[in-house]
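> One structure coming up, written as structure tokens, with questions to follow.
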Amino acid sequence: MLRWVVVHGMCGRLCFCSHSRVVFVLICNLFLFIFSNEKLPFAGFIGSISSLAVKLIRLLPGGAKYLNKEQKKVMDKLTSGTKGKELWATELPKQGLGPQVIERMLEIKKQDKPWEGRCSGAVYIGGTETEGHFRLVNEAYCMFAHTNPLHPDVWPSIPRFESEVVNMTASFLGSKLQASGGMVCGNMTSGGTESILMAVKTTRDYMKASRGITAPEMIIAESAHSAYDKAAQYFQIKLRRAPVADDLRADVKAMKRLINKNTIMLVASSPGFPHGVIDPIEELSALALQYNICLHVDLCLGGFVLPFAKKLGYPIPPFDFRVAGVTSISVDVHKYGLGPKGTSVVLYRNHELRKYQFVAVTEWSGGLYVSPSMAGSRAGALIAAAWASMMSLGESGYTQITRKLMEAARNIKLGIPDIEGLYVLGKPDMTVVAFASKELNIYKVNEAMAEKGWSLNALHKPSSVHICVTLQHVDVVDKFLDDLKAAVKYVRDNPGKYEDGMAPIYGAGATLPDRGTIRDILVDYMDSTC
């Protein structure tokens with residue numbers, strides 16, 4: 001979209017420019033127009049040149065004005081969901097609302113969109129059969145709402161719950177088998193991102209102590225979760241990103257080429273969030289062992305599905321501590337574990353590695369202090385409710401749930417190619433199914449689905465959309481496919497539709513080589529909505 005602004009918007013001012021300036025603007029536009037092809041082998045260099053071109057265009061008379069104007073249009077669309085923010089409270093009420101505050105909350109809650117059966121991922125519980133489980137988790141939370149594991153002397157029940165959640169999770173990820181070494185350990189965190197942050201920080205400190213690496217580098221596939229970018233920024237680690245192979249899995253050879261004396265870890269996804277495919281973990285394990293570096297497996301999405309899918313006979317490749325080179329794993333309880341939001345587990349192969357996660361303070365005037373993760377105080381209620389979820393469902397419950405999820409995802413995967421103009425990306429291993437089109441703007445299809453009440457995930461590299469199948473979708477697979485077919489037909493029959501919607505913004509995010517502009521927009525969006 002911003003590329004279009006430069007090409008077309010600036011043309012309106014060319015008559016006011018000197019001949020040399022016209023030539024310069026055309027050259028800059030040529031960079032932006034030609035170099036937006038993400039498939040080019042020298043895309044990184046091109047991105048740098050294009051970014052420079054945008055900066056130079058901003059120096060031209062009228063250039064910055066046009067670009068800023070268009071960025072504002074993008075921001076207005078992105079923040080349309082927060083209209084009425086001027087009515088948000090900015091100070092305490094003079095008189096407390098008392099019990100009436102619940103009525104106020106219910107009124108505000110009406111702004112939330114209905115998610116039942118229409119939301120990709122996000123809500124993993126669903127269907128009438130889980131209503132009892134939903135109430136059970138809420139009851140467990142209320143029972144321990146004011147507890148804090150930072151004070152184990154006051155609430156010894158919470159450390160027990162945490163230890164049991166960790167041990168139960170580790171048990172179905174290979175900890176009981178000889179191949180794991182028998183020393184698997186871990187802690188609970190607030191979510192997948194914190195679990196990944198902890199694994200990266202721990203690996204950084206471990207590799208510094210054991211190998212003397214002081215300028216650490218981490219290698220990920222471009223499909224790896226954005227939490228690794230966050231970890232790299234937080235912990236001053238150089239992030240090296242390798243392209244994926246044609247099957248959208250991590251390209252082992254490409255990752256191998258990036259290994260050097262400063263490499264501390266490789267990352268594998270099982271499955272990756274964008275396309276639902278499992279990276280070649282055994283091959284990456286062999287690479288990690290060869291170079292004596294760590295390997296983290298991101299099981300945030302797959303941790304409570306893949307072990308049970310394997311037992312059901314699905315062809316799931318090795319992904320856990322059975323694989324010798326795997327040193328750490330992250331897995332979310334608040335996804336397919338059906339626990340409350342804010343519950344995840346980070347696991348390590350042994351205690352020698354995990355001790356680098358902890359922070360111990362001995363010189364504070366407030367006394368001796370030690371904390372296992374990013375947070376100090378933590379919500380004991382979340383830990384207790386996660387424990388309740390796992391104990392309530394057990395192996396039989398998760399196996400039954402997995403059977404339904406895998407079958408629903410399979411039917412969607414088989415149904416999408418029957419819709420003219422669509423195809424499935426890669427060969428999904430689990431419950432995420434991504435699809436694209438060579439004929440239509442897939443982001444317009446996504447907008448058409450949004451009008452039908454569906455909230456799907458827009459992706460790029462390549463431009464696509466996915467649905468993350470959860471329990472809420474088990475009974476609406478046919479409805480999803482029917483709506484998707486109708487959405488494709490509508491977009492084909494109405495090519496001018498959605499030109500002013502979100503589709504051009506998604507398109508710009510996918511193709512604009514000046515990533516700095518995209519980052520600025522994202523930061524401005526976050527700043528305006530917090």
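By convention in this document, the chains of the structure tokens carry letters A, B, ... by their order, each chain's residues are numbered from 1, and ligands are numbered from 1 in the order they are shown.
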May I have the residues within 12 Å of Pro318 (chain A) as an mmCIF file with N, CA and C atoms, in the first residue's frame, using only C-alpha atoms and disregarding those fewer than 4 positions away in the same chain?


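Writing done, so here's part15.cif:
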data_model
loop_
_atom_site.group_PDB
_atom_site.id
_atom_site.type_symbol
_atom_site.label_atom_id
_atom_site.label_comp_id
_atom_site.auth_asym_id
_atom_site.auth_seq_id
_atom_site.Cartn_x
_atom_site.Cartn_y
_atom_site.Cartn_z
ATOM 1 N N LEU A 173 6.410 -36.004 27.390
ATOM 2 C CA LEU A 173 7.394 -35.494 26.433
ATOM 3 C C LEU A 173 8.729 -36.222 26.584
ATOM 4 N N GLY A 174 8.670 -37.432 27.121
ATOM 5 C CA GLY A 174 9.838 -38.303 27.105
ATOM 6 C C GLY A 174 10.681 -38.343 28.350
ATOM 7 N N ALA A 268 13.763 -25.162 16.734
ATOM 8 C CA ALA A 268 12.848 -25.948 15.906
ATOM 9 C C ALA A 268 11.426 -25.731 16.400
ATOM 10 N N SER A 269 10.463 -25.746 15.483
ATOM 11 C CA SER A 269 9.055 -25.573 15.839
ATOM 12 C C SER A 269 8.301 -26.875 15.593
ATOM 13 N N SER A 270 7.392 -27.202 16.509
ATOM 14 C CA SER A 270 6.682 -28.477 16.401
ATOM 15 C C SER A 270 5.236 -28.333 16.890
ATOM 16 N N PRO A 271 4.327 -27.841 16.045
ATOM 17 C CA PRO A 271 4.599 -27.337 14.705
ATOM 18 C C PRO A 271 4.831 -25.838 14.730
ATOM 19 N N ILE A 278 5.852 -29.565 11.128
ATOM 20 C CA ILE A 278 6.892 -29.845 12.116
ATOM 21 C C ILE A 278 8.257 -29.782 11.452
ATOM 22 N N ASP A 279 9.166 -29.030 12.046
ATOM 23 C CA ASP A 279 10.531 -28.942 11.523
ATOM 24 C C ASP A 279 11.249 -30.286 11.680
ATOM 25 N N PRO A 280 12.275 -30.539 10.863
ATOM 26 C CA PRO A 280 13.033 -31.803 10.954
ATOM 27 C C PRO A 280 13.909 -31.839 12.205
ATOM 28 N N ILE A 281 13.308 -32.175 13.322
ATOM 29 C CA ILE A 281 13.972 -32.061 14.619
ATOM 30 C C ILE A 281 15.139 -33.035 14.759
ATOM 31 N N GLU A 282 14.995 -34.230 14.240
ATOM 32 C CA GLU A 282 16.108 -35.182 14.333
ATOM 33 C C GLU A 282 17.338 -34.676 13.584
ATOM 34 N N GLU A 283 17.131 -34.079 12.422
ATOM 35 C CA GLU A 283 18.258 -33.546 11.653
ATOM 36 C C GLU A 283 18.884 -32.347 12.360
ATOM 37 N N LEU A 284 18.043 -31.495 12.923
ATOM 38 C CA LEU A 284 18.569 -30.346 13.662
ATOM 39 C C LEU A 284 19.276 -30.804 14.933
ATOM 40 N N SER A 285 18.787 -31.867 15.535
ATOM 41 C CA SER A 285 19.449 -32.440 16.707
ATOM 42 C C SER A 285 20.856 -32.915 16.355
ATOM 43 N N VAL A 297 13.132 -26.746 21.276
ATOM 44 C CA VAL A 297 11.961 -27.138 20.497
ATOM 45 C C VAL A 297 10.743 -26.383 21.023
ATOM 46 N N LEU A 306 0.457 -33.441 20.044
ATOM 47 C CA LEU A 306 1.322 -34.393 19.342
ATOM 48 C C LEU A 306 1.564 -35.699 20.099
ATOM 49 N N PRO A 307 1.821 -35.670 21.425
ATOM 50 C CA PRO A 307 2.032 -36.946 22.122
ATOM 51 C C PRO A 307 0.827 -37.880 22.016
ATOM 52 N N LYS A 310 0.263 -39.128 18.346
ATOM 53 C CA LYS A 310 1.176 -40.244 18.063
ATOM 54 C C LYS A 310 0.599 -41.555 18.598
ATOM 55 N N TYR A 314 -1.162 -41.409 14.363
ATOM 56 C CA TYR A 314 -0.786 -40.417 13.352
ATOM 57 C C TYR A 314 0.733 -40.448 13.144
ATOM 58 N N ARG A 322 13.157 -37.508 23.650
ATOM 59 C CA ARG A 322 13.662 -38.753 23.084
ATOM 60 C C ARG A 322 14.769 -38.468 22.069
ATOM 61 N N VAL A 323 14.761 -37.251 21.535
ATOM 62 C CA VAL A 323 15.759 -36.831 20.548
ATOM 63 C C VAL A 323 16.959 -36.279 21.313
ATOM 64 N N ALA A 324 18.117 -36.861 21.093
ATOM 65 C CA ALA A 324 19.284 -36.621 21.957
ATOM 66 C C ALA A 324 19.731 -35.171 22.035
ATOM 67 N N GLY A 325 19.623 -34.421 20.944
ATOM 68 C CA GLY A 325 20.155 -33.064 20.930
ATOM 69 C C GLY A 325 19.242 -32.009 21.502
ATOM 70 N N VAL A 326 18.005 -32.368 21.832
ATOM 71 C CA VAL A 326 17.047 -31.399 22.377
ATOM 72 C C VAL A 326 17.445 -31.051 23.804
#

> Near region 474-485 of chain A, counting only C-alpha atoms, which residues have an atom at most 6 Å away, once you skip same-chain residues fewer than 2 positions from it, shown as a list in words?

Ala408, Ile419, Leu471, Gln472, Ala487 and Val488 of chain A

> Hey, can you spit out that residue selection with C-alpha atoms as a compact mmCIF listing (two decimals), in the first residue's frame?


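Saved result, again.txt, follows:
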# COMPACT_ATOMS: atom_id res chain seq x y z
CA ALA A 408 -11.62 -31.75 12.15
CA ILE A 419 -12.72 -24.75 -3.52
CA LEU A 471 -12.58 -27.60 20.07
CA GLN A 472 -14.95 -24.80 19.07
CA ALA A 487 -16.23 -15.83 0.27
CA VAL A 488 -14.00 -16.90 -2.63

> Can you list every residue in region 160-405 of chain A that DSSP puts in strand (DSSP E or B), as a PyMOL selection string?

chain A and resi 185-189+217-221+238-242+244+250+263-269+294-298+328-332+344-348+359-361+369-371

> Output C-alpha atoms for every residue in that selection, as a PDB file, in the first residue's frame.


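Result went into selection.pdb, see below:
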ATOM      1  CA  CYS A 185      13.086 -30.426  34.995  1.00  0.00           C
ATOM      2  CA  GLY A 186      11.395 -27.081  34.497  1.00  0.00           C
ATOM      3  CA  ASN A 187       9.091 -24.339  35.718  1.00  0.00           C
ATOM      4  CA  MET A 188       5.796 -22.718  34.886  1.00  0.00           C
ATOM      5  CA  THR A 189       5.657 -19.312  33.194  1.00  0.00           C
ATOM      6  CA  GLU A 217      24.043 -15.804  18.111  1.00  0.00           C
ATOM      7  CA  MET A 218      20.832 -17.777  17.673  1.00  0.00           C
ATOM      8  CA  ILE A 219      19.662 -19.440  14.451  1.00  0.00           C
ATOM      9  CA  ILE A 220      15.971 -19.765  13.643  1.00  0.00           C
ATOM     10  CA  ALA A 221      13.876 -20.499  10.577  1.00  0.00           C
ATOM     11  CA  LYS A 238      22.293 -11.704  17.319  1.00  0.00           C
ATOM     12  CA  LEU A 239      19.399 -13.352  15.514  1.00  0.00           C
ATOM     13  CA  ARG A 240      20.245 -15.170  12.295  1.00  0.00           C
ATOM     14  CA  ARG A 241      17.189 -16.135  10.261  1.00  0.00           C
ATOM     15  CA  ALA A 242      17.312 -18.943   7.700  1.00  0.00           C
ATOM     16  CA  VAL A 244      12.441 -22.406   5.036  1.00  0.00           C
ATOM     17  CA  ALA A 250      13.176 -25.426   8.555  1.00  0.00           C
ATOM     18  CA  THR A 263      26.304 -19.812  17.807  1.00  0.00           C
ATOM     19  CA  ILE A 264      24.674 -20.854  21.069  1.00  0.00           C
ATOM     20  CA  MET A 265      21.458 -22.491  19.869  1.00  0.00           C
ATOM     21  CA  LEU A 266      19.206 -23.678  17.071  1.00  0.00           C
ATOM     22  CA  VAL A 267      15.415 -23.474  17.207  1.00  0.00           C
ATOM     23  CA  ALA A 268      12.848 -25.948  15.906  1.00  0.00           C
ATOM     24  CA  SER A 269       9.055 -25.573  15.839  1.00  0.00           C
ATOM     25  CA  CYS A 294      21.820 -26.256  22.209  1.00  0.00           C
ATOM     26  CA  LEU A 295      18.519 -27.020  20.493  1.00  0.00           C
ATOM     27  CA  HIS A 296      15.212 -25.592  21.701  1.00  0.00           C
ATOM     28  CA  VAL A 297      11.961 -27.138  20.497  1.00  0.00           C
ATOM     29  CA  ASP A 298       8.920 -24.870  20.476  1.00  0.00           C
ATOM     30  CA  SER A 328      14.892 -27.392  26.155  1.00  0.00           C
ATOM     31  CA  ILE A 329      11.198 -27.386  25.295  1.00  0.00           C
ATOM     32  CA  SER A 330       8.390 -24.844  25.698  1.00  0.00           C
ATOM     33  CA  VAL A 331       4.764 -26.006  25.920  1.00  0.00           C
ATOM     34  CA  ASP A 332       1.594 -24.070  26.713  1.00  0.00           C
ATOM     35  CA  SER A 344       2.947 -22.408  30.156  1.00  0.00           C
ATOM     36  CA  VAL A 345       5.859 -24.717  30.980  1.00  0.00           C
ATOM     37  CA  VAL A 346       9.542 -24.486  30.081  1.00  0.00           C
ATOM     38  CA  LEU A 347      11.498 -27.736  30.361  1.00  0.00           C
ATOM     39  CA  TYR A 348      15.235 -28.478  30.381  1.00  0.00           C
ATOM     40  CA  VAL A 359      18.207 -15.175  39.620  1.00  0.00           C
ATOM     41  CA  ALA A 360      19.605 -15.163  43.169  1.00  0.00           C
ATOM     42  CA  VAL A 361      20.275 -11.913  45.046  1.00  0.00           C
ATOM     43  CA  TYR A 369      15.960 -13.310  47.268  1.00  0.00           C
ATOM     44  CA  VAL A 370      15.676 -15.940  44.544  1.00  0.00           C
ATOM     45  CA  SER A 371      13.216 -16.151  41.661  1.00  0.00           C
TER      46      SER A 371
END

> Between CA of Leu414 (chain A) and CA of Met430 (chain A), what is the distance in Å, rounded to a tenth?

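Separating CA of Leu414 (chain A) from CA of Met430 (chain A) is a distance of 13.3 Å.
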
> With distances taken over only C-alpha atoms, which residue among A:His351, A:His473, A:Arg118, A:Arg104 lies nearest Asn457 (chain A)?

A:Arg118

> Please identify all polymer residues within 12 Å of Trp387 (chain A), counting only C-alpha atoms, omitting same-chain residues fewer than 2 positions from it, and present them as number ranges by chain.

A: 136-137, 140-141, 144, 157-169, 188, 333-334, 337-340, 343-345, 380-385, 389-394

> Write the residues you've just listed into a file as a short mmCIF file (atom, residue, chain, number, x, y, z; two decimals), in the first residue's frame, and include N, CA and C atoms for each of them.


data_model
loop_
_atom_site.label_atom_id
_atom_site.label_comp_id
_atom_site.auth_asym_id
_atom_site.auth_seq_id
_atom_site.Cartn_x
_atom_site.Cartn_y
_atom_site.Cartn_z
N LEU A 136 -15.10 -25.75 36.10
CA LEU A 136 -14.14 -26.35 37.02
C LEU A 136 -12.87 -25.52 37.12
N VAL A 137 -12.34 -25.10 35.98
CA VAL A 137 -11.12 -24.29 35.95
C VAL A 137 -11.36 -22.96 36.66
N ALA A 140 -11.45 -23.53 40.43
CA ALA A 140 -10.10 -23.73 40.96
C ALA A 140 -9.36 -22.40 41.08
N TYR A 141 -9.55 -21.55 40.08
CA TYR A 141 -8.90 -20.24 40.11
C TYR A 141 -9.38 -19.42 41.31
N PHE A 144 -7.89 -20.11 44.77
CA PHE A 144 -6.52 -19.69 45.08
C PHE A 144 -6.22 -18.29 44.51
N SER A 157 0.95 -25.17 49.01
CA SER A 157 0.18 -25.91 48.00
C SER A 157 0.57 -25.50 46.58
N ILE A 158 0.92 -24.22 46.39
CA ILE A 158 1.20 -23.73 45.04
C ILE A 158 2.49 -24.32 44.47
N PRO A 159 3.60 -24.34 45.21
CA PRO A 159 4.79 -25.03 44.67
C PRO A 159 4.53 -26.49 44.34
N ARG A 160 3.68 -27.14 45.13
CA ARG A 160 3.35 -28.53 44.81
C ARG A 160 2.60 -28.61 43.48
N PHE A 161 1.60 -27.75 43.32
CA PHE A 161 0.85 -27.74 42.06
C PHE A 161 1.80 -27.50 40.87
N GLU A 162 2.69 -26.53 41.03
CA GLU A 162 3.61 -26.21 39.93
C GLU A 162 4.50 -27.39 39.60
N SER A 163 5.07 -28.00 40.62
CA SER A 163 5.95 -29.14 40.40
C SER A 163 5.22 -30.28 39.70
N GLU A 164 3.99 -30.51 40.10
CA GLU A 164 3.23 -31.60 39.50
C GLU A 164 2.83 -31.29 38.06
N VAL A 165 2.49 -30.04 37.77
CA VAL A 165 2.20 -29.65 36.38
C VAL A 165 3.43 -29.87 35.51
N VAL A 166 4.58 -29.44 36.00
CA VAL A 166 5.83 -29.59 35.25
C VAL A 166 6.14 -31.07 35.03
N ASN A 167 6.05 -31.87 36.08
CA ASN A 167 6.38 -33.29 35.97
C ASN A 167 5.40 -34.05 35.07
N MET A 168 4.12 -33.71 35.17
CA MET A 168 3.14 -34.38 34.31
C MET A 168 3.39 -34.03 32.84
N THR A 169 3.69 -32.76 32.59
CA THR A 169 3.97 -32.33 31.22
C THR A 169 5.22 -33.02 30.68
N MET A 188 6.92 -23.33 35.58
CA MET A 188 5.80 -22.72 34.89
C MET A 188 6.09 -21.24 34.63
N VAL A 333 0.15 -24.72 28.52
CA VAL A 333 -1.02 -25.38 29.11
C VAL A 333 -2.28 -24.63 28.71
N HIS A 334 -2.16 -23.33 28.44
CA HIS A 334 -3.35 -22.53 28.16
C HIS A 334 -3.83 -22.64 26.71
N GLY A 337 -3.94 -27.60 26.35
CA GLY A 337 -4.05 -28.15 27.70
C GLY A 337 -5.32 -27.71 28.38
N LEU A 338 -6.02 -26.74 27.76
CA LEU A 338 -7.30 -26.21 28.24
C LEU A 338 -7.21 -25.59 29.62
N GLY A 339 -6.02 -25.10 29.97
CA GLY A 339 -5.85 -24.38 31.22
C GLY A 339 -6.19 -22.91 31.04
N PRO A 340 -6.14 -22.13 32.12
CA PRO A 340 -6.46 -20.70 32.03
C PRO A 340 -5.36 -19.94 31.32
N THR A 343 -0.67 -19.64 31.36
CA THR A 343 -0.01 -20.82 31.92
C THR A 343 0.77 -21.56 30.84
N SER A 344 2.06 -21.71 31.08
CA SER A 344 2.95 -22.41 30.16
C SER A 344 4.03 -23.10 30.97
N VAL A 345 4.78 -23.98 30.32
CA VAL A 345 5.86 -24.72 30.98
C VAL A 345 7.11 -24.64 30.12
N GLY A 380 -0.73 -17.53 41.88
CA GLY A 380 -0.88 -18.93 42.28
C GLY A 380 -2.15 -19.55 41.74
N ALA A 381 -3.16 -18.71 41.51
CA ALA A 381 -4.44 -19.21 41.00
C ALA A 381 -4.29 -19.81 39.61
N LEU A 382 -3.44 -19.21 38.79
CA LEU A 382 -3.22 -19.75 37.44
C LEU A 382 -2.57 -21.13 37.51
N ILE A 383 -1.59 -21.26 38.39
CA ILE A 383 -0.91 -22.55 38.56
C ILE A 383 -1.90 -23.61 39.05
N ALA A 384 -2.70 -23.24 40.03
CA ALA A 384 -3.67 -24.19 40.59
C ALA A 384 -4.71 -24.59 39.55
N ALA A 385 -5.17 -23.63 38.75
CA ALA A 385 -6.19 -23.93 37.74
C ALA A 385 -5.61 -24.78 36.61
N SER A 389 -6.98 -28.45 35.54
CA SER A 389 -7.31 -28.81 34.16
C SER A 389 -6.68 -30.14 33.77
N MET A 390 -5.39 -30.28 34.06
CA MET A 390 -4.66 -31.49 33.67
C MET A 390 -5.13 -32.71 34.45
N MET A 391 -5.34 -32.55 35.74
CA MET A 391 -5.78 -33.67 36.57
C MET A 391 -7.21 -34.10 36.20
N SER A 392 -8.03 -33.12 35.84
CA SER A 392 -9.42 -33.41 35.50
C SER A 392 -9.52 -34.20 34.19
N LEU A 393 -8.75 -33.79 33.19
CA LEU A 393 -8.85 -34.43 31.88
C LEU A 393 -8.07 -35.74 31.81
N GLY A 394 -6.85 -35.73 32.34
CA GLY A 394 -6.03 -36.93 32.30
C GLY A 394 -5.67 -37.36 30.89
#

> Hey, can you check how far CA of Phe304 (chain A) sits from CA of Asp320 (chain A)?

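About the pair CA of Phe304 (chain A) and CA of Asp320 (chain A): they are 12.1 Å apart.
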
> Go through A:Ala288, A:Pro149, A:Gly453, A:Gln236 one by one, measure the shortest atom-to-atom distance of each to Lys113 (chain A) using only C-alpha atoms, and give the residue with the smallest value.

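Answer, going by the shortest atom-to-atom distance: A:Gly453.
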
> Can you pull out every residue from region 107-354 of chain A that DSSP, working from the backbone, puts in helix (DSSP H, G or I), and format the result as a PDB file with C-alpha atoms, in the first residue's frame?


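The resulting file, part38.pdb, is shown below:
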ATOM      1  CA  GLU A 107     -21.799  -3.411  29.581  1.00  0.00           C
ATOM      2  CA  ILE A 108     -18.192  -2.980  28.445  1.00  0.00           C
ATOM      3  CA  LYS A 109     -17.988  -6.693  27.639  1.00  0.00           C
ATOM      4  CA  THR A 128     -21.144 -27.859  25.219  1.00  0.00           C
ATOM      5  CA  GLU A 129     -19.049 -30.848  26.303  1.00  0.00           C
ATOM      6  CA  THR A 130     -16.411 -28.550  27.838  1.00  0.00           C
ATOM      7  CA  GLU A 131     -18.802 -26.268  29.716  1.00  0.00           C
ATOM      8  CA  GLY A 132     -18.262 -28.314  32.863  1.00  0.00           C
ATOM      9  CA  HIS A 133     -14.497 -28.121  32.426  1.00  0.00           C
ATOM     10  CA  PHE A 134     -14.745 -24.353  31.990  1.00  0.00           C
ATOM     11  CA  ARG A 135     -16.594 -24.019  35.302  1.00  0.00           C
ATOM     12  CA  LEU A 136     -14.143 -26.355  37.024  1.00  0.00           C
ATOM     13  CA  VAL A 137     -11.121 -24.294  35.955  1.00  0.00           C
ATOM     14  CA  ASN A 138     -12.832 -21.086  37.076  1.00  0.00           C
ATOM     15  CA  GLU A 139     -13.695 -22.608  40.453  1.00  0.00           C
ATOM     16  CA  ALA A 140     -10.103 -23.730  40.961  1.00  0.00           C
ATOM     17  CA  TYR A 141      -8.895 -20.237  40.109  1.00  0.00           C
ATOM     18  CA  CYS A 142     -11.244 -18.576  42.592  1.00  0.00           C
ATOM     19  CA  MET A 143     -10.120 -20.967  45.339  1.00  0.00           C
ATOM     20  CA  SER A 157       0.182 -25.910  48.003  1.00  0.00           C
ATOM     21  CA  ILE A 158       1.199 -23.731  45.040  1.00  0.00           C
ATOM     22  CA  PRO A 159       4.793 -25.025  44.670  1.00  0.00           C
ATOM     23  CA  ARG A 160       3.354 -28.533  44.811  1.00  0.00           C
ATOM     24  CA  PHE A 161       0.852 -27.739  42.055  1.00  0.00           C
ATOM     25  CA  GLU A 162       3.608 -26.207  39.931  1.00  0.00           C
ATOM     26  CA  SER A 163       5.955 -29.139  40.402  1.00  0.00           C
ATOM     27  CA  GLU A 164       3.234 -31.605  39.496  1.00  0.00           C
ATOM     28  CA  VAL A 165       2.198 -29.651  36.384  1.00  0.00           C
ATOM     29  CA  VAL A 166       5.831 -29.593  35.249  1.00  0.00           C
ATOM     30  CA  ASN A 167       6.378 -33.292  35.967  1.00  0.00           C
ATOM     31  CA  MET A 168       3.142 -34.377  34.306  1.00  0.00           C
ATOM     32  CA  THR A 169       3.971 -32.333  31.218  1.00  0.00           C
ATOM     33  CA  ALA A 170       7.507 -33.689  31.085  1.00  0.00           C
ATOM     34  CA  SER A 171       6.242 -37.255  31.411  1.00  0.00           C
ATOM     35  CA  GLN A 178      16.158 -43.557  29.288  1.00  0.00           C
ATOM     36  CA  ALA A 179      16.877 -41.424  26.219  1.00  0.00           C
ATOM     37  CA  SER A 180      15.990 -38.280  28.178  1.00  0.00           C
ATOM     38  CA  GLY A 192       4.722 -19.354  25.521  1.00  0.00           C
ATOM     39  CA  THR A 193       6.652 -16.151  25.012  1.00  0.00           C
ATOM     40  CA  GLU A 194       8.003 -16.157  28.562  1.00  0.00           C
ATOM     41  CA  SER A 195       8.863 -19.846  28.268  1.00  0.00           C
ATOM     42  CA  ILE A 196      10.854 -19.059  25.125  1.00  0.00           C
ATOM     43  CA  LEU A 197      12.459 -16.025  26.758  1.00  0.00           C
ATOM     44  CA  MET A 198      13.555 -18.175  29.681  1.00  0.00           C
ATOM     45  CA  ALA A 199      14.939 -20.909  27.436  1.00  0.00           C
ATOM     46  CA  VAL A 200      16.932 -18.395  25.385  1.00  0.00           C
ATOM     47  CA  LYS A 201      18.241 -16.498  28.422  1.00  0.00           C
ATOM     48  CA  THR A 202      19.194 -19.747  30.144  1.00  0.00           C
ATOM     49  CA  THR A 203      20.987 -21.028  27.053  1.00  0.00           C
ATOM     50  CA  ARG A 204      22.846 -17.745  26.642  1.00  0.00           C
ATOM     51  CA  ASP A 205      24.152 -17.828  30.206  1.00  0.00           C
ATOM     52  CA  TYR A 206      24.939 -21.544  30.083  1.00  0.00           C
ATOM     53  CA  MET A 207      26.927 -21.200  26.851  1.00  0.00           C
ATOM     54  CA  LYS A 208      28.808 -18.220  28.257  1.00  0.00           C
ATOM     55  CA  ALA A 209      29.794 -20.201  31.351  1.00  0.00           C
ATOM     56  CA  SER A 210      30.597 -23.466  29.577  1.00  0.00           C
ATOM     57  CA  ARG A 211      31.970 -22.235  26.252  1.00  0.00           C
ATOM     58  CA  ALA A 227       9.101 -14.481  20.569  1.00  0.00           C
ATOM     59  CA  TYR A 228      12.651 -15.264  19.418  1.00  0.00           C
ATOM     60  CA  ASP A 229      12.957 -11.752  17.998  1.00  0.00           C
ATOM     61  CA  LYS A 230      11.844 -10.437  21.358  1.00  0.00           C
ATOM     62  CA  ALA A 231      14.374 -12.646  23.155  1.00  0.00           C
ATOM     63  CA  ALA A 232      17.150 -11.479  20.840  1.00  0.00           C
ATOM     64  CA  GLN A 233      16.312  -7.835  21.584  1.00  0.00           C
ATOM     65  CA  TYR A 234      15.947  -8.354  25.324  1.00  0.00           C
ATOM     66  CA  VAL A 252      18.646 -27.697   7.807  1.00  0.00           C
ATOM     67  CA  LYS A 253      21.333 -26.957   5.219  1.00  0.00           C
ATOM     68  CA  ALA A 254      20.528 -23.242   5.292  1.00  0.00           C
ATOM     69  CA  MET A 255      20.725 -23.213   9.086  1.00  0.00           C
ATOM     70  CA  LYS A 256      24.007 -25.121   9.026  1.00  0.00           C
ATOM     71  CA  ARG A 257      25.550 -22.446   6.803  1.00  0.00           C
ATOM     72  CA  ILE A 281      13.972 -32.061  14.619  1.00  0.00           C
ATOM     73  CA  GLU A 282      16.108 -35.182  14.333  1.00  0.00           C
ATOM     74  CA  GLU A 283      18.258 -33.546  11.653  1.00  0.00           C
ATOM     75  CA  LEU A 284      18.569 -30.346  13.662  1.00  0.00           C
ATOM     76  CA  SER A 285      19.449 -32.440  16.707  1.00  0.00           C
ATOM     77  CA  ALA A 286      22.295 -34.086  14.798  1.00  0.00           C
ATOM     78  CA  LEU A 287      23.501 -30.621  13.803  1.00  0.00           C
ATOM     79  CA  ALA A 288      23.366 -29.375  17.397  1.00  0.00           C
ATOM     80  CA  LEU A 289      25.310 -32.390  18.649  1.00  0.00           C
ATOM     81  CA  GLN A 290      27.890 -32.034  15.867  1.00  0.00           C
ATOM     82  CA  TYR A 291      28.642 -28.428  16.812  1.00  0.00           C
ATOM     83  CA  LEU A 306       1.322 -34.393  19.342  1.00  0.00           C
ATOM     84  CA  PRO A 307       2.032 -36.946  22.122  1.00  0.00           C
ATOM     85  CA  PHE A 308      -1.589 -38.107  22.006  1.00  0.00           C
ATOM     86  CA  ALA A 309      -1.822 -37.931  18.206  1.00  0.00           C
ATOM     87  CA  LYS A 310       1.176 -40.244  18.063  1.00  0.00           C
ATOM     88  CA  LYS A 311      -0.602 -42.715  20.358  1.00  0.00           C
ATOM     89  CA  HIS A 351      19.346 -29.303  36.295  1.00  0.00           C
ATOM     90  CA  GLU A 352      22.800 -28.134  35.233  1.00  0.00           C
ATOM     91  CA  LEU A 353      21.172 -26.191  32.412  1.00  0.00           C
ATOM     92  CA  ARG A 354      18.118 -24.968  34.329  1.00  0.00           C
TER      93      ARG A 354
END
